[in-house]
Every structure is written in C-alpha cells, then in structure tokens.
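Visitor: I'd like to ask you about the structure that follows.
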Amino acid sequence: MVSLTIDNKRVEVLEGSTILNAAQSAGIAIPHLCYLKDINEIAACRVCCVEVEGERAMVTACNSPVKEGMMVHTNSPRARQTRRINVELILSQHDGKCATCVRSGNCQLQTIANDLGILTVPYETQLPKGLRGAWTTTFPLYHDYNKCIKCMRCVQVFDKVQSLSIWDVAGTGGRTTVDVSDNRVIKDSGCALCGQCITHCPVGGLRERDDTQKAFAALADRSKITVVQVAPAVRTAWGEYFGLSREEATMERMAACLRRLGFDYIFDTNFSADLTIMEEGNEFLHRLKSGGLTRWPMFTSCCPGWVRFLKGQYPELTGQLSTSKSPQQMFGSVTKSWFAQKLEVEPEKIFCVSIMPCVAKKAECELPTMATEHGPDVDLVLTTRELVRMLRADKLEPATIPEEPLDSPLGTHTGAGVIFGATGGVMEAALRTASYVLTGENPDPDAFAAVRTGPGLRGVTYEIAGIPVRCAVVSGLGNARHLIEQLKAGKAHYDFVEVMACPGGCVGGGGQPISVEDEERYGVRGQRLYDLDQANPLRFSHENPDVQKLYEEFLDSPLSERAEELLHTDHTAWNMSNKI
C-alpha cells in the first residue's frame, strides 16, 4: 500500500495506482476529458493536471503513479489556473455552437467549461482548416471535424476494445485532427457501425445520422399507417434521460408515449425475437444433425455490427452465419405481409419504424436483401437517443403519462425474447427451445444460465438429449476477433456461437444513452432484462401464442418455404464494398 495526501486528506491505495484513481477512491473529483480507464490513459487533454509538492511542473493525474508521502493539491490556485487555460485552449479549436449540438446538456467539455466559469475564450478561434468536406449524409455515422477535440478516445476504443483500425491521427501541431485511418472514405473503412466511438466521445464530434425529421414526416402523412417496434434493450435505458427508475420506465409507459407521438400501432421486437429463435434454433439443429458444424460453428446473425465485421474482416466465413434475419427485419417482413393482410391494406401503406439501441440497424434495414417489390421491410430506424429527442421535442413527460398496453397480435412475447438484449441472451433462448425440440419437454428455464455472465469470451458445453452442444458467447468485436483466430488455428471448437458487437450486448449499444464513464450500467441494464424474463409467465419462445398463430395461419412451420422466403436472407448477396 502507498500512503499519500490529496487536498489535505490522507489516502491509502495499492501501489501502481494513479493519482486520479487515488482521488476517486477518496471521493475527490478531478476533471478530465480524454481519460478512459484501461483504454485511454495518455493525458492528451491535460485537463486533469494537479499540483504535487516538490514537482516543478504540473502533473497529469490520469497517468502519474502515486508515491509514498506524496502531497497532491487538485484545486490550488496554480491547478485551477492551469486547468482553465487548458480548457480555454481546447475551446479555441472547438466549434462551440452548443445550441445546435446533439450533445448539449450531455457534453463533458461543456460541463467542465461551465464549472470553471469560462464565459469567453481569450484565444483566437482556430477551427481546423483544409479538411475534406463532410461525409455523405446517407452513412449512419456522422463525424464533425470542427467539434473533435483530439482526445483519442475513439482511436483507442477501436484499437484496444473493438480491434478495428478505423480512426487515426492526421496532421501535426495546430492542424492535428482525428480522421479515418489510411485516408480512406468511412464507408470503405470496414466500419462495423457498432457506434462505440459515439458513446465514448466526450463531445459531439461523433453522432448517428439523425432520422427524427423523417419519422415526424411519416407520422404527419395521413396516407401512411405507422407501425413501430421497440427492441428489448431500449426499455432498459430510455428512462435514464427522464430520471425514471427502471421499474417506472416500462414498455407500457413507452407505448403510451409513442401513441402521443402519433404512431398507429405499437409492437414489441420481443415478438420477432421469439420468432427468430424458432427459425434460428431449428436451423442450428438442422446443421448440427447434418454434420455441417464439424469444422466451423454456426454464428448468430442478430447483430448487424457483427455481421458487418465478419464480412469485412473474415469474408470467407460468411457462410457460417445463420441465414435467419435479425428480429428487426423479421418483424418488418411479417408486418408487411401477415399484418398487412389482417388490416386488409397494401404493404406499401405501412410505414415500419424500429427503435433500436444500435447504429448498425440503420444500415441493416437499407440492405438490398432486406426489401421486396413492396419496398424495404423496415422503413426507418431510430436509436434510443433519437426516441428521447422526439419525446423532448413534443414536450412529453413520461413520468406523467399512464401506462397503456401494446397492440396485438405482434405485441405478445416471452421471457426468452426479452433477454435478446443482453449478452448470452440469444444463446440461452435458443438452447431453451432446442432442448424442447430434441426432448419433447421444456427444460428448467434457467438450465442454461451459465452463458449469462463472465468474461467477454466464454464457452460452455451442454449435453442435450445425449448430444454435446459446444457453445460460445462473445461480447465486443475484439473478443470476436480473438475467437475467430482461435478457431482458425484449431485451438477452439464450437458448434454454436453468439456474437454481439457491443460490450455487454445490445444494452451497451452504440445508440443507447451516453454515459462514457459508467459502463457498469451495461450490467444493470442486462440484469433488468433477466428480471423481466423471470417475471414473465411464458419463458420459452415456442410457447408464444401469437408466434404459434403466425405459423398456423401463414408460415406453416419453421424453415418452411414461406418462412425461408420471408424470414431468411443470403448474407453473401451483398458485400462491404457496396454498402452505404
């Protein structure tokens, strides 16, 4: 242990701790912009400078180790002045049009500047010059060069966590900026659109393409029937913006809010998550029994960020993806076929909107393989953040709006569908139904709970009806790359692999509320989904009565000809060079 004094308070921490770690353990806040624990500890912003007695120069707290007897002052006159100057210099190279910035009110730079009482910037504004123009507005990811503060978070997150070389430093001195690596165009960079660069950006330098005005336009079009689906992970996070507890931020309260916005029908993506299990689970059993998984496993295909990663990095393995569409796309397909028939309207009259925790979903719904002669299966995707902006635009206060039920028949779901939003949830839901198909009996719904928690790459083997099923669950693209390299080297063998591009699964998705230094929320959000699973009287996808009705009335059976046509896709029919 090392003993030191911070702001006249005695602190003991483990040897090797930084000054910032020590201060945090003592409840002392040191402002910082670029720091991300274990990811970005390079003191790029210099905002965390503190004064250490005996040291001539100021010391950066985020990467300076503590020493025995060290005397640290975080708010001495010198520390205050240094911090203020550093923030003013950052502001001189930052587009400060906060009123039109998507991060206003949730911007670390704005907060620190306000806390320091910076009302004017004494330095000449030096916004980057000579940069190429803005990216095409059709790409789901938007980068604003003039807001970038060169903190390096996006670079480090993709290098250390997602194992992708998307971002890099360009230029030197005052011309330094962060740009797509190797001077590539973003759409040709292999970007998986996981959105982790957005959620880790401290300012508004990165954001998703805003589609809220398209949604408002559709709601105002009386010739359209607006149908909205909500993904399971959204319900775990949307209430954070409004100060709602997780118990208050229910799907039923969200449904009431969506009706106030003007949507005609509100459904739950959990319905099509159950449907996905029926198709993907049976597809897995078919491949397993036919001997198609002796060398390579079947990979889940629910996560479009993962699908983009695999096609961009390991295209030779594309055939190992499940052909089942994601729940989002299955929902759109069913909405514009079965549900359109029930309404007795042409599919073109339906405008299908998805509310997702994900940025990659915006690209997924625009793939040529996700459309028919009637148009795209899903017309528009909004992130959780965009939903919140729409509610705020209409001055809706969810806390004051009573709960309302979802519509039928695409609103019924089971606990198995709910847990899709957490890492391991797809695997667990699939195993529950696979066990039923193989044995004719429901297993204990918690029999496969071992896949829920653990490191970002974990493997479990289950024996079902005498058949060993080797499973792996992966969260984060860096872990996905590690797994594939193990498979290629013959050091690992699995039958069924679930991959989620974002750490923690969809609950930590790139479209979720931004809380860059509070990633334990991912675990809390995930636990909320498992709590909802436990509380649901139906915990097996094959017991969903509306899914059963869909097969009886329309699809016949899993993997039937019509099911293949509507609920499956050919991942080889598009490539990364032809993406948006």
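Chain labels A, B, ... are given in the sequence in which chains occur in the structure tokens; within each chain residues are numbered consecutively from 1, and ligands are likewise numbered from 1 in the order shown.
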Do a neighbour search on A:Arg222 at 12 Å with only C-alpha atoms, toss out local chain neighbours closer than 6 positions, and write the hits as a PDB file with C-alpha atoms, in the first residue's frame.
Guide:
ATOM      1  CA  PHE A 216     -42.142  13.115 -37.869  1.00  0.00           C
ATOM      2  CA  GLY A 262     -48.854   9.673 -33.238  1.00  0.00           C
ATOM      3  CA  PHE A 263     -47.908   6.077 -34.042  1.00  0.00           C
ATOM      4  CA  ASP A 264     -50.874   3.947 -35.097  1.00  0.00           C
ATOM      5  CA  LYS A 349     -49.349   1.788 -46.991  1.00  0.00           C
ATOM      6  CA  ILE A 350     -47.470   0.598 -43.930  1.00  0.00           C
ATOM      7  CA  PHE A 351     -44.513   2.654 -42.707  1.00  0.00           C
TER       8      PHE A 351
END
Visitor: Enter the distance from atom CA of A:Ala399 to atom CA of A:Cys352, in Å, rounded to one decimal.
Guide: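 One can read the atom CA of A:Ala399 to atom CA of A:Cys352 distance as 26.6 Å.
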Visitor: Could you jot down the atom CA of A:Arg287 to atom CA of A:Pro455 separation for me, Å, one decimal place?
Guide: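 Atom CA of A:Pro455 lies 27.5 Å from atom CA of A:Arg287.
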Visitor: Write out as a PDB file with N, CA and C atoms, in the first residue's frame the residues lying within 10 Å of A:Leu89, counting only C-alpha atoms and excluding same-chain residues fewer than 3 positions away.
Guide:
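Output (part.pdb):
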ATOM      1  N   CYS A  45      -5.560  15.587 -23.044  1.00  0.00           N
ATOM      2  CA  CYS A  45      -6.267  16.855 -22.862  1.00  0.00           C
ATOM      3  C   CYS A  45      -5.603  17.764 -21.835  1.00  0.00           C
ATOM      4  N   ARG A  83      -5.749  24.399 -15.306  1.00  0.00           N
ATOM      5  CA  ARG A  83      -6.926  23.710 -15.853  1.00  0.00           C
ATOM      6  C   ARG A  83      -7.733  24.662 -16.726  1.00  0.00           C
ATOM      7  N   ARG A  84      -7.914  25.875 -16.252  1.00  0.00           N
ATOM      8  CA  ARG A  84      -8.700  26.852 -17.002  1.00  0.00           C
ATOM      9  C   ARG A  84      -8.045  27.162 -18.347  1.00  0.00           C
ATOM     10  N   ILE A  85      -6.735  27.392 -18.346  1.00  0.00           N
ATOM     11  CA  ILE A  85      -6.031  27.697 -19.590  1.00  0.00           C
ATOM     12  C   ILE A  85      -6.137  26.533 -20.572  1.00  0.00           C
ATOM     13  N   ASN A  86      -5.969  25.314 -20.077  1.00  0.00           N
ATOM     14  CA  ASN A  86      -6.035  24.148 -20.964  1.00  0.00           C
ATOM     15  C   ASN A  86      -7.421  23.993 -21.583  1.00  0.00           C
ATOM     16  N   SER A  92     -10.770  26.932 -28.015  1.00  0.00           N
ATOM     17  CA  SER A  92     -10.369  27.759 -29.153  1.00  0.00           C
ATOM     18  C   SER A  92     -10.305  26.956 -30.443  1.00  0.00           C
ATOM     19  N   GLN A  93     -10.257  25.631 -30.342  1.00  0.00           N
ATOM     20  CA  GLN A  93     -10.235  24.770 -31.525  1.00  0.00           C
ATOM     21  C   GLN A  93     -11.483  23.887 -31.603  1.00  0.00           C
ATOM     22  N   HIS A  94     -12.549  24.352 -30.981  1.00  0.00           N
ATOM     23  CA  HIS A  94     -13.794  23.579 -30.929  1.00  0.00           C
ATOM     24  C   HIS A  94     -14.960  24.449 -31.383  1.00  0.00           C
ATOM     25  N   VAL A 121     -13.649  33.062 -24.493  1.00  0.00           N
ATOM     26  CA  VAL A 121     -12.389  32.392 -24.808  1.00  0.00           C
ATOM     27  C   VAL A 121     -11.382  33.464 -25.223  1.00  0.00           C
ATOM     28  N   PRO A 122     -10.295  33.642 -24.454  1.00  0.00           N
ATOM     29  CA  PRO A 122      -9.346  34.732 -24.735  1.00  0.00           C
ATOM     30  C   PRO A 122      -8.439  34.481 -25.923  1.00  0.00           C
ATOM     31  N   TYR A 123      -8.527  33.286 -26.531  1.00  0.00           N
ATOM     32  CA  TYR A 123      -7.628  32.952 -27.637  1.00  0.00           C
ATOM     33  C   TYR A 123      -8.374  32.999 -28.969  1.00  0.00           C
ATOM     34  N   GLU A 124      -7.644  33.278 -30.007  1.00  0.00           N
ATOM     35  CA  GLU A 124      -8.236  33.315 -31.330  1.00  0.00           C
ATOM     36  C   GLU A 124      -8.762  31.937 -31.720  1.00  0.00           C
ATOM     37  N   THR A 125      -9.960  31.923 -32.269  1.00  0.00           N
ATOM     38  CA  THR A 125     -10.542  30.657 -32.684  1.00  0.00           C
ATOM     39  C   THR A 125      -9.747  30.070 -33.844  1.00  0.00           C
ATOM     40  N   GLN A 126      -9.397  28.805 -33.701  1.00  0.00           N
ATOM     41  CA  GLN A 126      -8.584  28.135 -34.719  1.00  0.00           C
ATOM     42  C   GLN A 126      -9.227  26.812 -35.107  1.00  0.00           C
TER      43      GLN A 126
END
Visitor: Identify all residues of stretch 147-283 of chain A in strand (DSSP E) (DSSP on the backbone) and supply them as a VMD selection string.
Guide: chain A and resid 167 to 170 177 to 180 206 to 208 225 to 230 265 to 268
Visitor: Any chance you can output those residues with N, CA and C atoms as a PDB file, in the first residue's frame?
Guide:
ATOM      1  N   TRP A 167     -10.038   4.698 -36.863  1.00  0.00           N
ATOM      2  CA  TRP A 167      -9.642   6.076 -36.628  1.00  0.00           C
ATOM      3  C   TRP A 167      -8.139   6.187 -36.422  1.00  0.00           C
ATOM      4  N   ASP A 168      -7.592   7.352 -36.809  1.00  0.00           N
ATOM      5  CA  ASP A 168      -6.168   7.605 -36.598  1.00  0.00           C
ATOM      6  C   ASP A 168      -5.954   9.116 -36.564  1.00  0.00           C
ATOM      7  N   VAL A 169      -4.782   9.495 -36.082  1.00  0.00           N
ATOM      8  CA  VAL A 169      -4.429  10.911 -36.016  1.00  0.00           C
ATOM      9  C   VAL A 169      -3.894  11.365 -37.365  1.00  0.00           C
ATOM     10  N   ALA A 170      -4.342  12.540 -37.793  1.00  0.00           N
ATOM     11  CA  ALA A 170      -3.867  13.119 -39.050  1.00  0.00           C
ATOM     12  C   ALA A 170      -3.371  14.529 -38.778  1.00  0.00           C
ATOM     13  N   THR A 177      -5.828  16.467 -36.293  1.00  0.00           N
ATOM     14  CA  THR A 177      -7.217  16.058 -36.156  1.00  0.00           C
ATOM     15  C   THR A 177      -7.289  14.540 -36.171  1.00  0.00           C
ATOM     16  N   VAL A 178      -8.441  14.025 -35.879  1.00  0.00           N
ATOM     17  CA  VAL A 178      -8.675  12.584 -35.955  1.00  0.00           C
ATOM     18  C   VAL A 178      -9.508  12.315 -37.193  1.00  0.00           C
ATOM     19  N   ASP A 179      -9.064  11.372 -38.005  1.00  0.00           N
ATOM     20  CA  ASP A 179      -9.727  11.095 -39.275  1.00  0.00           C
ATOM     21  C   ASP A 179      -9.755   9.585 -39.491  1.00  0.00           C
ATOM     22  N   VAL A 180     -10.428   9.172 -40.530  1.00  0.00           N
ATOM     23  CA  VAL A 180     -10.436   7.752 -40.881  1.00  0.00           C
ATOM     24  C   VAL A 180      -9.015   7.346 -41.260  1.00  0.00           C
ATOM     25  N   LEU A 206     -18.820  12.943 -32.816  1.00  0.00           N
ATOM     26  CA  LEU A 206     -19.378  11.783 -33.499  1.00  0.00           C
ATOM     27  C   LEU A 206     -20.826  11.601 -33.065  1.00  0.00           C
ATOM     28  N   ARG A 207     -21.670  11.285 -33.992  1.00  0.00           N
ATOM     29  CA  ARG A 207     -23.075  11.018 -33.690  1.00  0.00           C
ATOM     30  C   ARG A 207     -23.665  10.152 -34.788  1.00  0.00           C
ATOM     31  N   GLU A 208     -24.855   9.622 -34.527  1.00  0.00           N
ATOM     32  CA  GLU A 208     -25.555   8.870 -35.551  1.00  0.00           C
ATOM     33  C   GLU A 208     -26.237   9.832 -36.518  1.00  0.00           C
ATOM     34  N   ILE A 225     -49.880   4.157 -42.653  1.00  0.00           N
ATOM     35  CA  ILE A 225     -50.163   3.509 -41.366  1.00  0.00           C
ATOM     36  C   ILE A 225     -48.817   3.300 -40.685  1.00  0.00           C
ATOM     37  N   THR A 226     -48.596   3.994 -39.597  1.00  0.00           N
ATOM     38  CA  THR A 226     -47.287   3.934 -38.933  1.00  0.00           C
ATOM     39  C   THR A 226     -47.279   2.840 -37.872  1.00  0.00           C
ATOM     40  N   VAL A 227     -46.332   1.934 -38.042  1.00  0.00           N
ATOM     41  CA  VAL A 227     -46.151   0.814 -37.124  1.00  0.00           C
ATOM     42  C   VAL A 227     -44.755   0.934 -36.527  1.00  0.00           C
ATOM     43  N   VAL A 228     -44.651   0.843 -35.217  1.00  0.00           N
ATOM     44  CA  VAL A 228     -43.350   0.967 -34.560  1.00  0.00           C
ATOM     45  C   VAL A 228     -43.075  -0.274 -33.714  1.00  0.00           C
ATOM     46  N   GLN A 229     -41.834  -0.739 -33.788  1.00  0.00           N
ATOM     47  CA  GLN A 229     -41.387  -1.841 -32.943  1.00  0.00           C
ATOM     48  C   GLN A 229     -40.285  -1.320 -32.022  1.00  0.00           C
ATOM     49  N   VAL A 230     -40.198  -1.875 -30.817  1.00  0.00           N
ATOM     50  CA  VAL A 230     -39.210  -1.428 -29.835  1.00  0.00           C
ATOM     51  C   VAL A 230     -38.376  -2.618 -29.384  1.00  0.00           C
ATOM     52  N   TYR A 265     -49.724   1.883 -34.491  1.00  0.00           N
ATOM     53  CA  TYR A 265     -49.601   0.585 -33.831  1.00  0.00           C
ATOM     54  C   TYR A 265     -48.243   0.494 -33.154  1.00  0.00           C
ATOM     55  N   ILE A 266     -48.265   0.038 -31.912  1.00  0.00           N
ATOM     56  CA  ILE A 266     -47.022  -0.112 -31.135  1.00  0.00           C
ATOM     57  C   ILE A 266     -46.842  -1.584 -30.798  1.00  0.00           C
ATOM     58  N   PHE A 267     -45.720  -2.146 -31.246  1.00  0.00           N
ATOM     59  CA  PHE A 267     -45.434  -3.557 -31.027  1.00  0.00           C
ATOM     60  C   PHE A 267     -44.062  -3.720 -30.369  1.00  0.00           C
ATOM     61  N   ASP A 268     -43.778  -4.949 -30.020  1.00  0.00           N
ATOM     62  CA  ASP A 268     -42.544  -5.268 -29.300  1.00  0.00           C
ATOM     63  C   ASP A 268     -41.667  -6.167 -30.163  1.00  0.00           C
TER      64      ASP A 268
END
Visitor: Considering only C-alpha atoms, can you say which of A:Ser189, A:Asn479, A:Thr461, A:Asn8 comes closest to A:Arg308?
Guide: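 Comparing A:Ser189, A:Asn479, A:Thr461, A:Asn8 against A:Arg308, the winner is A:Ser189.
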Visitor: What does the structure give for the distance between atom CA of A:Asp407 and atom CA of A:Glu252, in Å to one decimal?
Guide: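 Interatomic distance, atom CA of A:Asp407 to atom CA of A:Glu252: 10.3 Å.
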Visitor: Apply DSSP to the structure's backbone, then extract all residues of stretch 341-431 of chain A labelled alpha helix (DSSP H) and return them as a PyMOL selection string.
Guide: chain A and resi 341-343+360-364+384-393+415-418+425-431
Visitor: Please produce an output containing N, CA and C atoms for each residue in the selection, written as a PDB file, in the first residue's frame.
Guide:
ATOM      1  N   GLN A 341     -52.137  -8.196 -44.341  1.00  0.00           N
ATOM      2  CA  GLN A 341     -53.322  -8.974 -44.713  1.00  0.00           C
ATOM      3  C   GLN A 341     -54.422  -8.822 -43.667  1.00  0.00           C
ATOM      4  N   LYS A 342     -54.024  -8.845 -42.381  1.00  0.00           N
ATOM      5  CA  LYS A 342     -55.029  -8.707 -41.321  1.00  0.00           C
ATOM      6  C   LYS A 342     -55.701  -7.337 -41.362  1.00  0.00           C
ATOM      7  N   LEU A 343     -54.926  -6.302 -41.733  1.00  0.00           N
ATOM      8  CA  LEU A 343     -55.504  -4.964 -41.845  1.00  0.00           C
ATOM      9  C   LEU A 343     -56.230  -4.762 -43.160  1.00  0.00           C
ATOM     10  N   ALA A 360     -25.886   0.321 -36.240  1.00  0.00           N
ATOM     11  CA  ALA A 360     -25.762  -0.571 -37.395  1.00  0.00           C
ATOM     12  C   ALA A 360     -27.121  -0.989 -37.954  1.00  0.00           C
ATOM     13  N   LYS A 361     -28.166  -0.924 -37.136  1.00  0.00           N
ATOM     14  CA  LYS A 361     -29.504  -1.271 -37.615  1.00  0.00           C
ATOM     15  C   LYS A 361     -29.964  -0.319 -38.716  1.00  0.00           C
ATOM     16  N   LYS A 362     -29.459   0.922 -38.696  1.00  0.00           N
ATOM     17  CA  LYS A 362     -29.811   1.872 -39.746  1.00  0.00           C
ATOM     18  C   LYS A 362     -29.317   1.379 -41.107  1.00  0.00           C
ATOM     19  N   ALA A 363     -28.120   0.784 -41.104  1.00  0.00           N
ATOM     20  CA  ALA A 363     -27.568   0.242 -42.348  1.00  0.00           C
ATOM     21  C   ALA A 363     -28.234  -1.080 -42.718  1.00  0.00           C
ATOM     22  N   GLU A 364     -28.555  -1.883 -41.721  1.00  0.00           N
ATOM     23  CA  GLU A 364     -29.152  -3.195 -41.998  1.00  0.00           C
ATOM     24  C   GLU A 364     -30.466  -3.058 -42.749  1.00  0.00           C
ATOM     25  N   THR A 384     -32.201   4.821 -29.502  1.00  0.00           N
ATOM     26  CA  THR A 384     -32.820   5.221 -28.237  1.00  0.00           C
ATOM     27  C   THR A 384     -32.681   6.720 -28.037  1.00  0.00           C
ATOM     28  N   ARG A 385     -31.515   7.271 -28.403  1.00  0.00           N
ATOM     29  CA  ARG A 385     -31.293   8.710 -28.244  1.00  0.00           C
ATOM     30  C   ARG A 385     -32.253   9.519 -29.122  1.00  0.00           C
ATOM     31  N   GLU A 386     -32.525   9.036 -30.333  1.00  0.00           N
ATOM     32  CA  GLU A 386     -33.447   9.749 -31.224  1.00  0.00           C
ATOM     33  C   GLU A 386     -34.873   9.692 -30.681  1.00  0.00           C
ATOM     34  N   LEU A 387     -35.269   8.563 -30.093  1.00  0.00           N
ATOM     35  CA  LEU A 387     -36.585   8.474 -29.461  1.00  0.00           C
ATOM     36  C   LEU A 387     -36.717   9.541 -28.385  1.00  0.00           C
ATOM     37  N   VAL A 388     -35.692   9.663 -27.558  1.00  0.00           N
ATOM     38  CA  VAL A 388     -35.723  10.658 -26.484  1.00  0.00           C
ATOM     39  C   VAL A 388     -35.837  12.068 -27.053  1.00  0.00           C
ATOM     40  N   ARG A 389     -35.107  12.357 -28.138  1.00  0.00           N
ATOM     41  CA  ARG A 389     -35.177  13.689 -28.732  1.00  0.00           C
ATOM     42  C   ARG A 389     -36.583  13.976 -29.266  1.00  0.00           C
ATOM     43  N   MET A 390     -37.247  12.964 -29.809  1.00  0.00           N
ATOM     44  CA  MET A 390     -38.618  13.160 -30.297  1.00  0.00           C
ATOM     45  C   MET A 390     -39.581  13.431 -29.146  1.00  0.00           C
ATOM     46  N   LEU A 391     -39.414  12.703 -28.049  1.00  0.00           N
ATOM     47  CA  LEU A 391     -40.276  12.933 -26.887  1.00  0.00           C
ATOM     48  C   LEU A 391     -40.054  14.331 -26.323  1.00  0.00           C
ATOM     49  N   ARG A 392     -38.793  14.745 -26.275  1.00  0.00           N
ATOM     50  CA  ARG A 392     -38.489  16.069 -25.759  1.00  0.00           C
ATOM     51  C   ARG A 392     -38.998  17.156 -26.705  1.00  0.00           C
ATOM     52  N   ALA A 393     -38.935  16.897 -28.011  1.00  0.00           N
ATOM     53  CA  ALA A 393     -39.420  17.873 -28.989  1.00  0.00           C
ATOM     54  C   ALA A 393     -40.912  18.145 -28.813  1.00  0.00           C
ATOM     55  N   GLY A 415     -40.308 -14.443 -22.025  1.00  0.00           N
ATOM     56  CA  GLY A 415     -39.068 -14.025 -21.367  1.00  0.00           C
ATOM     57  C   GLY A 415     -37.850 -14.313 -22.216  1.00  0.00           C
ATOM     58  N   ALA A 416     -37.941 -15.352 -23.036  1.00  0.00           N
ATOM     59  CA  ALA A 416     -36.819 -15.693 -23.911  1.00  0.00           C
ATOM     60  C   ALA A 416     -36.553 -14.588 -24.919  1.00  0.00           C
ATOM     61  N   GLY A 417     -37.619 -13.931 -25.387  1.00  0.00           N
ATOM     62  CA  GLY A 417     -37.443 -12.833 -26.318  1.00  0.00           C
ATOM     63  C   GLY A 417     -36.840 -11.606 -25.659  1.00  0.00           C
ATOM     64  N   VAL A 418     -37.183 -11.379 -24.397  1.00  0.00           N
ATOM     65  CA  VAL A 418     -36.695 -10.207 -23.668  1.00  0.00           C
ATOM     66  C   VAL A 418     -35.177 -10.223 -23.539  1.00  0.00           C
ATOM     67  N   GLY A 425     -28.042 -13.768 -24.128  1.00  0.00           N
ATOM     68  CA  GLY A 425     -29.488 -13.964 -24.159  1.00  0.00           C
ATOM     69  C   GLY A 425     -29.975 -14.746 -25.365  1.00  0.00           C
ATOM     70  N   VAL A 426     -29.410 -14.475 -26.530  1.00  0.00           N
ATOM     71  CA  VAL A 426     -29.814 -15.207 -27.731  1.00  0.00           C
ATOM     72  C   VAL A 426     -29.474 -16.681 -27.581  1.00  0.00           C
ATOM     73  N   MET A 427     -28.272 -16.939 -27.086  1.00  0.00           N
ATOM     74  CA  MET A 427     -27.842 -18.321 -26.896  1.00  0.00           C
ATOM     75  C   MET A 427     -28.763 -19.042 -25.921  1.00  0.00           C
ATOM     76  N   GLU A 428     -29.043 -18.412 -24.796  1.00  0.00           N
ATOM     77  CA  GLU A 428     -29.879 -19.060 -23.787  1.00  0.00           C
ATOM     78  C   GLU A 428     -31.284 -19.320 -24.318  1.00  0.00           C
ATOM     79  N   ALA A 429     -31.854 -18.346 -24.994  1.00  0.00           N
ATOM     80  CA  ALA A 429     -33.196 -18.520 -25.546  1.00  0.00           C
ATOM     81  C   ALA A 429     -33.221 -19.651 -26.574  1.00  0.00           C
ATOM     82  N   ALA A 430     -32.188 -19.715 -27.417  1.00  0.00           N
ATOM     83  CA  ALA A 430     -32.125 -20.765 -28.436  1.00  0.00           C
ATOM     84  C   ALA A 430     -31.985 -22.142 -27.802  1.00  0.00           C
ATOM     85  N   LEU A 431     -31.173 -22.236 -26.759  1.00  0.00           N
ATOM     86  CA  LEU A 431     -30.977 -23.527 -26.097  1.00  0.00           C
ATOM     87  C   LEU A 431     -32.246 -24.010 -25.412  1.00  0.00           C
TER      88      LEU A 431
END
Visitor: Please identify all polymer residues within 9 Å of A:Ala434, counting only C-alpha atoms, omitting same-chain residues fewer than 3 positions from it, and present them as a compact mmCIF listing (two decimals) with N, CA and C atoms, in the first residue's frame.
Guide:
# COMPACT_ATOMS: atom_id res chain seq x y z
N ILE A 277 -35.91 -17.18 -32.72
CA ILE A 277 -35.49 -18.42 -32.06
C ILE A 277 -36.09 -19.64 -32.76
N MET A 278 -37.34 -19.54 -33.17
CA MET A 278 -37.97 -20.66 -33.86
C MET A 278 -37.23 -21.00 -35.14
N GLY A 281 -33.06 -21.46 -34.10
CA GLY A 281 -32.85 -22.67 -33.30
C GLY A 281 -33.01 -23.92 -34.13
N ASN A 282 -34.04 -23.95 -34.97
CA ASN A 282 -34.24 -25.12 -35.82
C ASN A 282 -33.17 -25.21 -36.91
N PHE A 284 -30.08 -24.26 -36.49
CA PHE A 284 -28.90 -24.80 -35.81
C PHE A 284 -29.01 -26.32 -35.67
N LEU A 285 -30.16 -26.82 -35.24
CA LEU A 285 -30.33 -28.26 -35.07
C LEU A 285 -30.18 -28.99 -36.40
N ALA A 429 -31.85 -18.35 -24.99
CA ALA A 429 -33.20 -18.52 -25.55
C ALA A 429 -33.22 -19.65 -26.57
N ALA A 430 -32.19 -19.71 -27.42
CA ALA A 430 -32.12 -20.76 -28.44
C ALA A 430 -31.98 -22.14 -27.80
N LEU A 431 -31.17 -22.24 -26.76
CA LEU A 431 -30.98 -23.53 -26.10
C LEU A 431 -32.25 -24.01 -25.41
N VAL A 437 -37.20 -29.12 -28.57
CA VAL A 437 -37.33 -29.81 -29.85
C VAL A 437 -36.70 -31.20 -29.78
N LEU A 438 -35.57 -31.31 -29.11
CA LEU A 438 -34.84 -32.59 -29.05
C LEU A 438 -35.44 -33.58 -28.05
N THR A 439 -36.03 -33.06 -26.97
CA THR A 439 -36.51 -33.96 -25.91
C THR A 439 -38.03 -34.04 -25.83
N ILE A 464 -27.55 -32.21 -24.43
CA ILE A 464 -29.00 -32.15 -24.62
C ILE A 464 -29.43 -33.39 -25.38
Visitor: Which polymer residues have any atom within 9 Å of an atom of A:Tyr462, counting only C-alpha atoms, with same-chain residues fewer than 4 positions away left out, as a compact mmCIF listing (two decimals) with C-alpha atoms, in the first residue's frame?
Guide:
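Listing of selection-v2.txt after writing:
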# COMPACT_ATOMS: atom_id res chain seq x y z
CA PHE A 448 -28.56 -22.57 -19.37
CA ILE A 467 -25.88 -34.67 -27.78
CA PRO A 468 -22.98 -32.48 -26.61
CA VAL A 469 -23.51 -28.89 -27.71
CA ARG A 470 -20.40 -26.71 -27.51
CA CYS A 471 -21.43 -23.08 -27.13
Visitor: Which residues, written as a PDB file with C-alpha atoms, in the first residue's frame, have at least one atom at most 7 Å from A:Cys154, with only C-alpha atoms counted and residues fewer than 2 positions away on the same chain left out?
Guide:
ATOM      1  CA  MET A 152      -8.060   9.962 -28.863  1.00  0.00           C
ATOM      2  CA  GLN A 156      -8.154   3.793 -28.501  1.00  0.00           C
ATOM      3  CA  VAL A 157     -11.594   2.229 -28.115  1.00  0.00           C
ATOM      4  CA  PHE A 158     -11.408   0.722 -31.573  1.00  0.00           C
ATOM      5  CA  TRP A 167      -9.642   6.076 -36.628  1.00  0.00           C
ATOM      6  CA  CYS A 197     -16.887   5.676 -30.986  1.00  0.00           C
ATOM      7  CA  HIS A 200     -17.135   7.122 -25.907  1.00  0.00           C
ATOM      8  CA  CYS A 201     -16.793  10.578 -27.482  1.00  0.00           C
TER       9      CYS A 201
END
Visitor: Residues within 6 Å of A:His568, please, as a VMD selection string. Count only C-alpha atoms; anything in the same chain fewer than 3 positions from it doesn't count.
Guide: chain A and resid 323 to 325 564
Visitor: Using only C-alpha atoms, please write the residues we just selected to a file, as a PDB file, in the first residue's frame.
Guide:
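Ended up saving to result.pdb:
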ATOM      1  CA  THR A 323     -29.418 -17.309 -42.580  1.00  0.00           C
ATOM      2  CA  SER A 324     -32.144 -16.148 -40.190  1.00  0.00           C
ATOM      3  CA  LYS A 325     -32.849 -12.457 -40.384  1.00  0.00           C
ATOM      4  CA  GLU A 564     -37.425 -19.210 -45.833  1.00  0.00           C
TER       5      GLU A 564
END
Visitor: I need the residue nearest A:Cys194 from this list: A:Pro376, A:Gly511, A:Pro545, A:Pro327. Use only C-alpha atoms for the distance.
Guide: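 Residue with the minimum atom-to-atom distance to A:Cys194: A:Gly511.
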